>>> print(open('target-v3.txt').read())   # compact mmCIF, C-alpha atoms
# COMPACT_ATOMS: atom_id res chain seq x y z
CA MET A 4 122.54 105.49 95.12
CA LYS A 5 121.65 106.91 98.55
CA GLU A 6 123.55 110.17 98.06
CA LYS A 7 122.35 110.48 94.47
CA ILE A 8 118.69 110.28 95.59
CA LYS A 9 119.33 112.78 98.39
CA LYS A 10 120.99 115.20 95.97
CA GLU A 11 118.12 114.89 93.48
CA LEU A 12 115.57 115.51 96.23
CA LEU A 13 117.42 118.61 97.41
CA SER A 14 117.36 119.93 93.83
CA LEU A 15 113.52 119.82 93.93
CA ALA A 16 113.31 122.11 96.99
CA ASP A 17 110.72 124.89 97.07
CA GLU A 18 111.46 127.23 100.00
CA GLU A 19 108.06 128.92 99.89
CA TYR A 20 106.27 125.55 100.03
CA LYS A 21 108.61 124.40 102.81
CA GLU A 22 107.63 127.33 105.01
CA PHE A 23 103.93 126.82 104.30
CA HIS A 24 103.84 123.04 104.74
CA SER A 25 106.04 122.87 107.85
CA ASN A 26 103.40 124.93 109.68
CA LEU A 27 100.70 122.44 108.69
CA CYS A 28 102.65 119.39 109.68
CA PRO A 29 103.59 119.31 113.39
CA GLY A 30 105.67 116.47 114.71
CA LYS A 31 109.30 115.45 114.58
CA ASN A 32 109.56 116.50 110.94
CA LYS A 33 109.86 120.26 111.39
CA THR A 34 111.58 122.84 109.22
CA ASN A 35 115.11 121.64 110.02
CA ASN A 36 114.59 118.31 108.24
CA MET A 37 112.00 119.24 105.63
CA ILE A 38 113.27 119.93 102.12
CA GLY A 39 110.03 121.44 100.82
CA ILE A 40 108.88 119.39 97.81
CA ARG A 41 105.31 119.53 96.56
CA VAL A 42 103.58 116.14 96.67
CA PRO A 43 102.84 115.85 92.90
CA ILE A 44 106.52 116.53 92.12
CA LEU A 45 107.66 113.98 94.72
CA ARG A 46 105.18 111.45 93.38
CA GLN A 47 106.50 111.94 89.83
CA TYR A 48 110.05 111.42 91.08
CA ALA A 49 108.94 108.18 92.80
CA LYS A 50 107.45 106.96 89.48
CA GLU A 51 110.73 107.67 87.71
CA LEU A 52 112.72 105.75 90.33
CA ILE A 53 110.46 102.68 90.31
CA LYS A 54 110.94 102.36 86.55
CA LYS A 55 114.69 101.92 87.05
CA TYR A 56 114.96 100.01 90.34
CA THR A 57 113.01 97.50 92.43
CA ALA A 58 111.09 98.65 95.50
CA SER A 59 113.34 96.51 97.72
CA ASP A 60 116.53 98.10 96.37
CA LEU A 61 115.10 101.61 96.67
CA LEU A 62 113.90 101.14 100.25
CA GLU A 63 117.42 100.06 101.24
CA GLU A 64 118.91 103.16 99.64
CA ILE A 65 116.46 105.93 100.62
CA ASP A 66 117.54 107.50 103.90
CA ASP A 67 115.36 108.58 106.86
CA GLN A 68 117.01 111.99 107.35
CA TYR A 69 114.45 114.17 105.60
CA TYR A 70 110.67 114.25 105.80
CA GLU A 71 110.51 113.87 102.00
CA GLU A 72 112.69 110.75 102.15
CA ILE A 73 110.15 109.11 104.46
CA MET A 74 107.33 110.29 102.19
CA LEU A 75 109.19 108.90 99.15
CA GLN A 76 109.59 105.49 100.80
CA GLY A 77 105.81 105.32 101.26
CA MET A 78 105.22 106.27 97.64
CA ILE A 79 107.65 103.59 96.45
CA ILE A 80 105.77 100.95 98.47
CA GLY A 81 102.51 102.10 96.91
CA LEU A 82 103.96 101.85 93.40
CA SER A 83 105.45 98.39 93.91
CA LYS A 84 104.00 95.57 91.79
CA GLU A 85 104.64 92.93 94.47
CA ASN A 86 101.76 90.84 95.80
CA PHE A 87 100.27 91.61 99.19
CA GLU A 88 102.15 88.93 101.13
CA SER A 89 105.56 90.13 99.97
CA LEU A 90 104.63 93.80 100.41
CA LYS A 91 103.18 93.37 103.91
CA LYS A 92 106.53 93.49 105.74
CA LYS A 93 107.48 96.68 103.91
CA ILE A 94 104.16 98.25 104.94
CA GLU A 95 104.72 97.24 108.59
CA ILE A 96 108.20 98.77 108.64
CA PHE A 97 106.93 101.97 107.07
CA ILE A 98 104.02 102.37 109.50
CA SER A 99 106.54 102.44 112.36
CA LYS A 100 108.05 105.59 110.77
CA ILE A 101 104.79 107.57 110.51
CA ASP A 102 104.74 110.48 112.95
CA ASN A 103 102.41 112.99 111.27
CA TRP A 104 99.13 113.17 109.40
CA ALA A 105 100.61 114.09 106.01
CA VAL A 106 102.90 111.06 105.72
CA CYS A 107 100.08 108.85 107.01
CA ASP A 108 97.41 110.08 104.63
CA THR A 109 99.65 110.24 101.56
CA PHE A 110 100.82 106.69 102.22
CA CYS A 111 97.25 105.41 102.56
CA ALA A 112 96.18 107.12 99.33
CA GLY A 113 98.99 105.37 97.49
CA LEU A 114 98.20 101.86 98.72
CA LYS A 115 96.06 101.05 95.67
CA ILE A 116 96.98 97.38 96.13
CA THR A 117 94.15 97.38 98.70
CA LYS A 118 91.61 97.28 95.87
CA LYS A 119 93.04 93.94 94.74
CA TYR A 120 93.52 92.46 98.22
CA LYS A 121 90.51 93.89 100.05
CA ARG A 122 89.95 91.11 102.59
CA GLU A 123 93.65 90.53 103.27
CA MET A 124 94.23 94.21 103.93
CA TRP A 125 91.15 94.39 106.16
CA GLN A 126 92.57 91.65 108.37
CA PHE A 127 95.97 93.33 108.36
CA LEU A 128 94.46 96.64 109.55
CA GLN A 129 92.86 95.19 112.69
CA LYS A 130 96.01 95.22 114.83
CA TYR A 131 96.57 98.89 114.01
CA LEU A 132 92.98 99.83 114.80
CA GLU A 133 93.51 98.23 118.24
CA SER A 134 96.87 99.95 118.83
CA ASN A 135 97.58 102.56 121.51
CA GLN A 136 99.81 104.52 119.10
CA GLU A 137 98.15 107.61 117.60
CA PHE A 138 99.39 107.29 114.04
CA GLU A 139 98.99 103.52 113.87
CA VAL A 140 95.30 103.99 114.65
CA ARG A 141 95.04 106.92 112.25
CA PHE A 142 96.61 104.73 109.54
CA GLY A 143 93.87 102.12 110.06
CA ILE A 144 91.08 104.70 110.03
CA VAL A 145 92.33 106.53 106.93
CA MET A 146 92.62 103.18 105.15
CA ILE A 147 88.96 102.58 106.05
CA LEU A 148 88.09 106.02 104.75
CA ASP A 149 89.94 105.51 101.47
CA TYR A 150 88.91 101.93 100.68
CA TYR A 151 86.17 100.53 102.91
CA ILE A 152 83.21 102.93 103.05
CA GLU A 153 81.03 100.26 101.45
CA GLU A 154 77.85 98.50 102.48
CA GLU A 155 79.67 95.22 103.15
CA TYR A 156 81.93 96.85 105.77
CA LEU A 157 79.65 99.49 107.23
CA GLU A 158 78.51 97.68 110.38
CA LYS A 159 82.04 96.50 111.09
CA ILE A 160 83.33 100.05 110.74
CA PHE A 161 80.73 101.44 113.16
CA LYS A 162 81.59 98.73 115.67
CA ILE A 163 85.31 99.60 115.39
CA PHE A 164 84.63 103.32 115.86
CA ASN A 165 82.55 102.60 118.96
CA SER A 166 85.44 100.59 120.39
CA ILE A 167 88.06 103.33 119.94
CA LYS A 168 88.33 105.37 123.14
CA THR A 169 90.80 108.20 122.77
CA LYS A 170 91.42 111.90 123.19
CA LYS A 171 94.18 111.87 120.58
CA TYR A 172 93.42 114.59 118.06
CA TYR A 173 94.60 112.91 114.87
CA ILE A 174 92.57 109.78 115.61
CA GLN A 175 89.46 111.80 116.42
CA MET A 176 89.78 113.88 113.26
CA ALA A 177 90.28 110.80 111.08
CA MET A 178 87.16 109.19 112.55
CA ALA A 179 85.15 112.37 112.03
CA TRP A 180 86.30 112.52 108.43
CA ALA A 181 85.38 108.85 107.85
CA ILE A 182 81.94 109.28 109.46
CA CYS A 183 81.29 112.30 107.25
CA GLU A 184 82.13 110.18 104.18
CA ALA A 185 79.81 107.45 105.46
CA LEU A 186 77.04 110.06 105.81
CA ILE A 187 77.59 111.07 102.20
CA GLU A 188 77.52 107.51 100.89
CA TYR A 189 75.09 105.86 103.34
CA TYR A 190 73.16 108.67 104.97
CA HIS A 191 70.34 106.75 106.68
CA GLU A 192 72.53 103.93 107.99
CA THR A 193 75.10 106.37 109.33
CA LEU A 194 72.44 108.60 110.84
CA LEU A 195 71.09 105.61 112.75
CA TYR A 196 74.61 104.84 113.94
CA LEU A 197 75.15 108.40 115.17
CA LYS A 198 71.91 108.31 117.13
CA THR A 199 73.04 105.22 119.05
CA SER A 200 76.85 105.58 119.00
CA ASN A 201 79.04 106.10 122.04
CA LEU A 202 81.48 108.42 120.27
CA ASP A 203 83.10 111.11 122.38
CA LYS A 204 81.52 114.55 122.04
CA PHE A 205 84.41 116.07 120.08
CA THR A 206 84.48 113.36 117.40
CA TYR A 207 80.69 113.27 117.14
CA ASN A 208 80.35 117.04 116.68
CA LYS A 209 83.35 117.24 114.35
CA ALA A 210 81.79 114.57 112.10
CA LEU A 211 78.59 116.62 111.92
CA GLN A 212 80.59 119.79 111.24
CA LYS A 213 82.41 118.14 108.33
CA ALA A 214 79.08 116.90 106.96
CA LEU A 215 77.60 120.41 107.20
CA GLU A 216 80.58 121.78 105.28
CA SER A 217 80.26 119.19 102.51
CA TYR A 218 78.70 120.17 99.18
CA ARG A 219 77.81 116.48 98.67
CA ILE A 220 75.07 116.52 101.32
CA SER A 221 71.74 118.18 100.51
CA ASP A 222 70.43 121.24 102.40
CA ASP A 223 67.45 119.38 103.86
CA LYS A 224 69.74 116.68 105.29
CA LYS A 225 72.04 119.36 106.69
CA GLU A 226 69.09 121.02 108.39
CA PHE A 227 68.37 117.78 110.24
CA LEU A 228 72.07 117.22 111.08
CA ARG A 229 72.30 120.68 112.65
CA LYS A 230 69.70 119.63 115.23
CA MET A 231 71.79 116.61 116.20
CA LYS A 232 74.81 118.51 117.53
CA LYS A 233 75.69 117.89 121.18
>>> encode(input="target-v3.txt", output="structure tokens")
Amino acid sequence: MKEKIKKELLSLADEEYKEFHSNLCPGKNKTNNMIGIRVPILRQYAKELIKKYTASDLLEEIDDQYYEEIMLQGMIIGLSKENFESLKKKIEIFISKIDNWAVCDTFCAGLKITKKYKREMWQFLQKYLESNQEFEVRFGIVMILDYYIEEEYLEKIFKIFNSIKTKKYYIQMAMAWAICEALIEYYHETLLYLKTSNLDKFTYNKALQKALESYRISDDKKEFLRKMKK
């Protein structure tokens, strides 16, 4: 099955997309091991595979050679119907393979199981949020962004963000993105947090920049946010 999947993936190659996306996605997965498959097409292929085989069988057969094979593994995990306890080990193994923002963020978006196992996933994320590995921390933050910008978790999220001390770009950008989303959903609470936070200057200003670029924040709120830049 391994060679069959590889052959089918290669048949979906789009050279123009490969050139474009490889420039957006720095890391180990550069042009030499990127096939060039658009995400919606890869996601559709994952859905076709999961109808025929179990997630466990597929994860044993999908190789790690190409960027899209790693991406496909993450999609298969997200499509699995297993419960959280049985899926947790697969998630842990996959996280160890993440080395760029695209694989990270696509994987997080596909982990819809989080909606069913909110508290269990929250506990699971804590070790990654405390990691010293850039993409482990980004995984935790993007999961917060995708599933936990809610009143119940807001104070916990702000406390976590205050505790993260880093100059790693992909962590800082994920935090800025999450803070922007919090401003959209809980403007006053997040504004109060920003006024008292100990975020580094880059993350703080980048969060405000993202908020100023958002069409979901009113002009009068943006006017106030502009005055808060450091």
>>> atom_distance(input="target-v3.txt", atom1="CA of Glu18 (chain A)", atom2="CA of Asn103 (chain A)")
20.3 Å
>>> residues_around(input="target-v3.txt", residues="Phe87 (chain A)", least_positions_apart="2", cutoff="9 Å", atoms="all atoms listed in the file", output="short mmCIF file (atom, residue, chain, number, x, y, z; two decimals) with C-alpha atoms, in the coordinates of the input")
data_model
loop_
_atom_site.label_atom_id
_atom_site.label_comp_id
_atom_site.auth_asym_id
_atom_site.auth_seq_id
_atom_site.Cartn_x
_atom_site.Cartn_y
_atom_site.Cartn_z
CA GLU A 85 104.64 92.93 94.47
CA SER A 89 105.56 90.13 99.97
CA LEU A 90 104.63 93.80 100.41
CA LYS A 91 103.18 93.37 103.91
CA ILE A 116 96.98 97.38 96.13
CA THR A 117 94.15 97.38 98.70
CA LYS A 119 93.04 93.94 94.74
CA TYR A 120 93.52 92.46 98.22
CA GLU A 123 93.65 90.53 103.27
CA MET A 124 94.23 94.21 103.93
#
>>> residues_near_point(input="target-v3.txt", point="(73.8, 110.4, 99.6)", cutoff="10 Å", atoms="only C-alpha atoms", output="PyMOL selection string")
chain A and resi 184-191+219-221+224
>>> residues_around(input="target-v3.txt", residues="Ile101 (chain A)", least_positions_apart="5", cutoff="10 Å", atoms="all atoms listed in the file", output="list of chain:residue names")
A:Gly30, A:Lys31, A:Ile73, A:Met74, A:Gly77, A:Ile96, A:Val106, A:Cys107, A:Asp108, A:Phe110, A:Glu137, A:Phe138, A:Glu139, A:Arg141, A:Phe142
>>> write_last_selection(input="target-v3.txt", atoms="C-alpha atoms", output="short mmCIF file (atom, residue, chain, number, x, y, z; two decimals), keeping the file's coordinate frame")
data_model
loop_
_atom_site.label_atom_id
_atom_site.label_comp_id
_atom_site.auth_asym_id
_atom_site.auth_seq_id
_atom_site.Cartn_x
_atom_site.Cartn_y
_atom_site.Cartn_z
CA GLY A 30 105.67 116.47 114.71
CA LYS A 31 109.30 115.45 114.58
CA ILE A 73 110.15 109.11 104.46
CA MET A 74 107.33 110.29 102.19
CA GLY A 77 105.81 105.32 101.26
CA ILE A 96 108.20 98.77 108.64
CA VAL A 106 102.90 111.06 105.72
CA CYS A 107 100.08 108.85 107.01
CA ASP A 108 97.41 110.08 104.63
CA PHE A 110 100.82 106.69 102.22
CA GLU A 137 98.15 107.61 117.60
CA PHE A 138 99.39 107.29 114.04
CA GLU A 139 98.99 103.52 113.87
CA ARG A 141 95.04 106.92 112.25
CA PHE A 142 96.61 104.73 109.54
#
>>> atom_distance(input="target-v3.txt", atom1="CA of Glu226 (chain A)", atom2="CA of Glu155 (chain A)")
28.4 Å
>>> decode(input="target-v3.txt", residues="region 97-229 of chain A", atoms="C-alpha atoms", output="compact mmCIF listing (two decimals), in the first residue's frame")
# COMPACT_ATOMS: atom_id res chain seq x y z
CA PHE A 97 2.70 13.15 14.79
CA ILE A 98 3.63 16.25 16.80
CA SER A 99 7.24 15.02 16.88
CA LYS A 100 7.24 15.25 13.04
CA ILE A 101 6.04 18.87 12.81
CA ASP A 102 8.81 21.17 11.58
CA ASN A 103 6.89 24.01 9.90
CA TRP A 104 3.87 26.23 10.41
CA ALA A 105 1.79 24.76 7.57
CA VAL A 106 1.85 21.17 8.82
CA CYS A 107 1.22 22.43 12.36
CA ASP A 108 -1.74 24.64 11.54
CA THR A 109 -3.38 22.22 9.10
CA PHE A 110 -3.11 19.44 11.67
CA CYS A 111 -4.68 21.59 14.39
CA ALA A 112 -7.56 22.61 12.13
CA GLY A 113 -8.32 18.96 11.47
CA LEU A 114 -8.41 17.87 15.12
CA LYS A 115 -12.19 18.33 15.38
CA ILE A 116 -12.22 15.63 18.07
CA THR A 117 -11.24 18.48 20.42
CA LYS A 118 -14.84 19.72 20.40
CA LYS A 119 -15.96 16.41 21.91
CA TYR A 120 -13.06 16.04 24.37
CA LYS A 121 -12.46 19.67 25.36
CA ARG A 122 -11.14 19.14 28.88
CA GLU A 123 -9.07 16.08 28.01
CA MET A 124 -7.39 17.89 25.13
CA TRP A 125 -6.77 20.95 27.31
CA GLN A 126 -4.85 18.82 29.80
CA PHE A 127 -2.98 17.12 26.97
CA LEU A 128 -1.85 20.48 25.55
CA GLN A 129 -0.16 21.68 28.74
CA LYS A 130 3.09 19.75 28.26
CA TYR A 131 3.46 21.21 24.76
CA LEU A 132 2.79 24.75 25.95
CA GLU A 133 5.64 24.27 28.45
CA SER A 134 8.02 22.76 25.88
CA ASN A 135 11.26 24.36 24.66
CA GLN A 136 10.61 23.14 21.10
CA GLU A 137 9.28 25.83 18.75
CA PHE A 138 6.66 23.80 16.92
CA GLU A 139 5.47 21.92 19.99
CA VAL A 140 4.63 25.27 21.58
CA ARG A 141 3.11 26.56 18.36
CA PHE A 142 0.94 23.41 18.22
CA GLY A 143 -0.40 24.19 21.71
CA ILE A 144 -1.07 27.85 20.89
CA VAL A 145 -2.78 27.15 17.56
CA MET A 146 -4.97 24.58 19.30
CA ILE A 147 -5.95 27.32 21.77
CA LEU A 148 -6.67 29.65 18.88
CA ASP A 149 -8.81 27.10 17.06
CA TYR A 150 -10.78 25.67 19.99
CA TYR A 151 -10.37 27.56 23.26
CA ILE A 152 -11.00 31.28 22.73
CA GLU A 153 -13.96 31.07 25.11
CA GLU A 154 -14.87 32.81 28.34
CA GLU A 155 -14.23 29.68 30.40
CA TYR A 156 -10.59 29.48 29.26
CA LEU A 157 -9.72 33.14 28.81
CA GLU A 158 -7.91 33.77 32.10
CA LYS A 159 -6.01 30.50 31.78
CA ILE A 160 -4.93 31.44 28.26
CA PHE A 161 -3.65 34.86 29.36
CA LYS A 162 -1.72 33.25 32.19
CA ILE A 163 -0.12 30.77 29.75
CA PHE A 164 0.84 33.55 27.32
CA ASN A 165 2.45 35.53 30.14
CA SER A 166 4.50 32.46 31.06
CA ILE A 167 5.89 31.87 27.56
CA LYS A 168 9.25 33.61 27.22
CA THR A 169 10.67 33.20 23.74
CA LYS A 170 12.16 34.93 20.74
CA LYS A 171 11.10 32.11 18.42
CA TYR A 172 9.20 33.64 15.52
CA TYR A 173 6.57 30.97 14.96
CA ILE A 174 5.60 30.95 18.63
CA GLN A 175 5.40 34.74 18.76
CA MET A 176 3.27 34.90 15.62
CA ALA A 177 0.89 32.22 16.88
CA MET A 178 0.43 34.10 20.15
CA ALA A 179 -0.18 37.37 18.31
CA TRP A 180 -2.76 35.67 16.14
CA ALA A 181 -4.52 34.15 19.19
CA ILE A 182 -4.53 37.48 21.05
CA CYS A 183 -6.04 39.17 18.00
CA GLU A 184 -8.82 36.55 17.98
CA ALA A 185 -9.36 37.12 21.70
CA LEU A 186 -9.68 40.87 21.02
CA ILE A 187 -12.34 40.13 18.42
CA GLU A 188 -14.32 37.83 20.70
CA TYR A 189 -13.65 39.39 24.12
CA TYR A 190 -12.43 42.90 23.46
CA HIS A 191 -12.63 44.44 26.95
CA GLU A 192 -11.18 41.43 28.77
CA THR A 193 -8.32 41.14 26.30
CA LEU A 194 -7.66 44.87 26.36
CA LEU A 195 -7.29 44.69 30.13
CA TYR A 196 -4.89 41.78 29.70
CA LEU A 197 -2.76 43.70 27.20
CA LYS A 198 -2.50 46.67 29.53
CA THR A 199 -1.05 44.49 32.29
CA SER A 200 0.66 41.70 30.32
CA ASN A 201 4.39 41.03 30.25
CA LEU A 202 4.45 40.00 26.59
CA ASP A 203 7.61 40.79 24.67
CA LYS A 204 7.42 43.91 22.51
CA PHE A 205 7.33 42.03 19.19
CA THR A 206 4.41 39.77 20.14
CA TYR A 207 2.51 42.63 21.77
CA ASN A 208 2.82 44.94 18.75
CA LYS A 209 2.16 42.13 16.27
CA ALA A 210 -1.09 41.27 18.09
CA LEU A 211 -2.19 44.91 17.80
CA GLN A 212 -1.17 44.98 14.13
CA LYS A 213 -3.27 41.90 13.38
CA ALA A 214 -6.21 43.46 15.23
CA LEU A 215 -5.85 46.69 13.22
CA GLU A 216 -5.89 44.66 10.00
CA SER A 217 -9.03 42.76 10.99
CA TYR A 218 -12.38 43.71 9.46
CA ARG A 219 -14.07 42.18 12.54
CA ILE A 220 -12.96 45.00 14.86
CA SER A 221 -14.74 48.36 14.67
CA ASP A 222 -12.98 51.59 13.65
CA ASP A 223 -13.45 53.23 17.05
CA LYS A 224 -11.82 50.24 18.79
CA LYS A 225 -8.98 50.31 16.26
CA GLU A 226 -8.42 53.99 16.99
CA PHE A 227 -7.87 53.16 20.65
CA LEU A 228 -5.65 50.15 19.83
CA ARG A 229 -3.38 52.33 17.68
